[in-house]
Amino acid sequence: MMLGSGSEPDDLVRAVEATLFATAEPMTAEAISAHLGGADVRSALAELAEHYRRRGIHLVERGRRWHFETAGDLAHLLRREREEVRRLSRAATEVLAIVAYHEPVSRAEIEAIRGVQTARGTLDVLMEAGWVRVAGRREVPGRPVVYATTPEFLEHFGLGSRRDLPGIDELRAAGLLDPVEDALADALGGGTTEVDDPSVG
Amino acid sequence: MMLGSGSEPDDLVRAVEATLFATAEPMTAEAISAHLGGADVRSALAELAEHYRRRGIHLVERGRRWHFETAGDLAHLLRREREEVRRLSRAATEVLAIVAYHEPVSRAEIEAIRGVQTARGTLDVLMEAGWVRVAGRREVPGRPVVYATTPEFLEHFGLGSRRDLPGIDELRAAGLLDPVEDALADALGGGTTEVDDPSVG
Amino acid sequence: MDRIAEPALFTGDEAEWDGPAPAAAREDAALYLALDGWEGPLDLLLDLARRQKVDLRKISILALVDQYLAYIERAEALRLELAADYLVMAAWLAYLKSALLLPREEQEEPSPEELAMRLQLRLQRLAAMRDAAARLMARDRLGRDVFARGAPEGLRIDRRNLWQCDWFELVQAYGQVKARTTPVVHMVRERPVMTLDTALARVSAMLGVRLEWIELCEFLPATCDGDWADPRLRRSALASSFVAALELARLGKAELAQDEVFGRLRLRAVRA
């Protein structure tokens, strides 16, 4: 018997449970606390998450916001009557992955990785889906806009935070998230040099 | 320990739980069964209803349809009230004072005393504040509603009774009937600090 | 209950990409027909590199260059129209190949090995992001694999006003109502004025005897003339004389002139 899974939930746990069931939007611990008159809801959230871990619905934290969702292993039962999630083009999925693994990242940096210009509509599609947002400008000449992912991105892909991006630790350890120039400098053990490379840019 | 409340839910129970959580409409047992490939969901529904009986959400059957809803004792969480401190407007303060000095008083009488029309909202505000109540109708043609103060009014203003309100002579002595003072106080935006009156402090 | 035990049928993401399917592209015919399928030369190079079926870090750049150049040659032989960047890449790779093969006396900067490594690093990075995208898309996705509550009641916060007012404000407000509505007797004092009739008579009389332009202020009585020193009476006289002037102009008996806004106003009789 796991702690809390069979015991009676206390009033605060019940209140947090009811609040998260009723809300139409995911909520941060702070927002839940404010809704419940300032109570400390941290342990209640932990208890609920544990309680629901083996049930048909799970309590999950995505980018600091909590919500209930159906268990992933039941997907095949629930998916049938649902409308299909919009299908992304290959270009859009690549751009989304680059933004997620490199954020904040400029359009030029995205293009350097993909080796092609990115159609204007591609980023628009991702922003319209609510997964990518403009995250300011880089303080370099030209002050390019940089892009980053949103809490809705984490929610949609079931990620607690960007640290949960598949394989991100391995990619970082392998240096595959570093710019080519840095990797080249490392490999050659010297400074970087200007190279006449038509495939760049 | 109640049966089923602490034990691990089986796959069918989990599937029913997830189905009822994700559905936008309450579902009959037959509809759930059809959705889950014809399984007999009766005992699963009973187990779920029992499991959720003490939790913040309940699984309930209404007119043969099942759905989750917030526990009745937590329904107040769905509609929270937030209190916002607001100062009474000048017009509302005047109307409140007139009601206090002249009660029971009709709206027409209030307007006659103030010399200006009184917006309907002003009396509503005073009633919302709990300081003024409808005190019946005057038995004259048109049977106008008359207003009076409430016990909460006396309590809020620290008055033992309405007789504790200062009389006209006292107001005059305090300089509160001086129209110049009035104009000055108006010009200074309320002017609660402008009057040098030891009897009022 | 076989439904539940059944493995998920659609957890794969095979339909997600609408780019060229790598399996289909292995057919040579498909390779050449799917020319529009690649997003630029780097994409094509990565596809070719993956056909070497080795770790991208151990890939043979020379073999890759040969494959690319062969592809471009055959595409040209088939008279397929190639985008400029494919040709630029072909030229650059041909240069890289010759630099890698030819013996060198003096080291050029950058060395061909460095250029080859740069290409390799770029292919690795593109491949890494492509794999990451595939893994991302294959996750349980909200609204497709997992679902939020279908009919949340929603949370509502109603604002409730907590009205504030104190004893002094209350009493002061009553005092002000009383003060404001106490009947006030208004005494209207008689003030010395020049009536419009007087002004009209005076201005017409003066215009009758003079032909030249006259400034309006000249129509006023002299200050030394008894009560006319009173500034309030003089203001009244000026206002009445001005209205009289306008009236005479309207009747066609006088004309007015003013050189600038707020300038001196002059008046002249109109002779019939």
# chains A, B, ... in the order shown; residues from 1 in each chain; ligands from 1
>>> calpha_fit_rmsd(fixed="chain A", moving="chain B")
18.7 Å
>>> select_by_dssp(residues="segment 25-204 of chain C", states="helix (DSSP H, G or I)", output="PyMOL selection string")
chain C and resi 25+28-37+41-51+56-58+61-77+84-101+112-137+167-181+196-204
>>> closest_atom_pairs(of="chain B", to="chain C", cutoff="8 Å", atoms="only C-alpha atoms", output="Markdown table")
| residue | atom | partner | partner_atom | distance |
| --- | --- | --- | --- | --- |
| B:Asp11 | CA | C:Ile4 | CA | 6.8 |
| B:Leu12 | CA | C:Ile4 | CA | 7.0 |
| B:Ala15 | CA | C:Ile4 | CA | 7.5 |
| B:Phe21 | CA | C:Arg149 | CA | 5.3 |
| B:Ala22 | CA | C:Gly150 | CA | 4.3 |
| B:Thr23 | CA | C:Gly150 | CA | 4.7 |
| B:Ala24 | CA | C:Gly150 | CA | 4.2 |
| B:Glu25 | CA | C:Ala151 | CA | 7.2 |
| B:Leu36 | CA | C:Arg3 | CA | 6.4 |
| B:Gly37 | CA | C:Arg3 | CA | 5.7 |
| B:Gly38 | CA | C:Met1 | CA | 7.4 |
| B:Ala39 | CA | C:Met1 | CA | 5.4 |
| B:Leu77 | CA | C:Leu155 | CA | 7.5 |
| B:Leu78 | CA | C:Leu155 | CA | 4.7 |
| B:Arg79 | CA | C:Arg156 | CA | 4.7 |
| B:Arg80 | CA | C:Ile157 | CA | 4.7 |
| B:Glu81 | CA | C:Asp158 | CA | 4.7 |
| B:Arg82 | CA | C:Arg159 | CA | 4.7 |
| B:Glu83 | CA | C:Arg160 | CA | 4.7 |
| B:Glu84 | CA | C:Asn161 | CA | 4.9 |
| B:Val85 | CA | C:Leu162 | CA | 4.5 |
| B:Arg86 | CA | C:Trp163 | CA | 5.0 |
| B:Arg87 | CA | C:Gln164 | CA | 4.6 |
| B:Leu88 | CA | C:Gln164 | CA | 5.7 |
| B:Arg90 | CA | C:Ala173 | CA | 7.5 |
| B:Thr93 | CA | C:Leu170 | CA | 5.9 |
| B:Glu94 | CA | C:Ala173 | CA | 5.0 |
| B:Leu96 | CA | C:Leu170 | CA | 7.3 |
| B:Ala97 | CA | C:Tyr174 | CA | 5.4 |
| B:Ile98 | CA | C:Tyr174 | CA | 6.5 |
| B:Ile113 | CA | C:Thr181 | CA | 7.1 |
| B:Arg114 | CA | C:Val177 | CA | 5.8 |
| B:Gly115 | CA | C:Thr181 | CA | 6.5 |
| B:Ala129 | CA | C:Trp163 | CA | 5.8 |
| B:His156 | CA | C:Asp166 | CA | 7.9 |
| B:Phe157 | CA | C:Trp167 | CA | 5.3 |
| B:Gly158 | CA | C:Trp167 | CA | 7.7 |
| B:Leu165 | CA | C:Val171 | CA | 7.6 |
| B:Pro166 | CA | C:Val171 | CA | 7.5 |
| B:Ile168 | CA | C:Gly175 | CA | 7.9 |
| B:Leu171 | CA | C:Gly175 | CA | 6.3 |
| B:Arg172 | CA | C:Gly175 | CA | 7.9 |
| B:Leu176 | CA | C:Gly175 | CA | 5.0 |
| B:Leu177 | CA | C:Ala179 | CA | 4.8 |
| B:Asp178 | CA | C:Ala179 | CA | 6.2 |
| B:Pro179 | CA | C:Ala179 | CA | 5.4 |
| B:Asp182 | CA | C:Gln176 | CA | 6.0 |
| B:Thr192 | CA | C:Glu169 | CA | 7.2 |
| B:Val200 | CA | C:Phe168 | CA | 7.2 |
>>> closest_atom_pairs(of="chain B", to="chain A", cutoff="6 Å", atoms="only C-alpha atoms", output="JSON lines")
{"residue": "B:Ser5", "atom": "CA", "partner": "A:Gly6", "partner_atom": "CA", "distance": 5.9}
{"residue": "B:Gly6", "atom": "CA", "partner": "A:Gly6", "partner_atom": "CA", "distance": 3.6}
{"residue": "B:Arg14", "atom": "CA", "partner": "A:Gly56", "partner_atom": "CA", "distance": 3.9}
{"residue": "B:Ala15", "atom": "CA", "partner": "A:Gly56", "partner_atom": "CA", "distance": 5.9}
{"residue": "B:Glu17", "atom": "CA", "partner": "A:Gly56", "partner_atom": "CA", "distance": 5.5}
{"residue": "B:Ala18", "atom": "CA", "partner": "A:Gly56", "partner_atom": "CA", "distance": 4.9}
{"residue": "B:Arg55", "atom": "CA", "partner": "A:Arg14", "partner_atom": "CA", "distance": 5.6}
{"residue": "B:Gly56", "atom": "CA", "partner": "A:Arg14", "partner_atom": "CA", "distance": 4.0}
{"residue": "B:Ile57", "atom": "CA", "partner": "A:Ala18", "partner_atom": "CA", "distance": 5.6}
{"residue": "B:Thr70", "atom": "CA", "partner": "A:Ala18", "partner_atom": "CA", "distance": 5.6}
>>> closest_residue(among="C:Ala90, C:Leu248, C:Thr223, C:Arg79", to="Leu207 of chain C", atoms="only C-alpha atoms")
C:Leu248
>>> atom_distance(atom1="atom CA of Leu46 of chain C", atom2="atom CA of Leu126 of chain C")
7.9 Å
>>> select_by_dssp(residues="segment 9-188 of chain A", states="strand (DSSP E or B)", output="number ranges by chain")
A: 27-28, 57-62, 65-70, 105-106, 132-137, 145-149
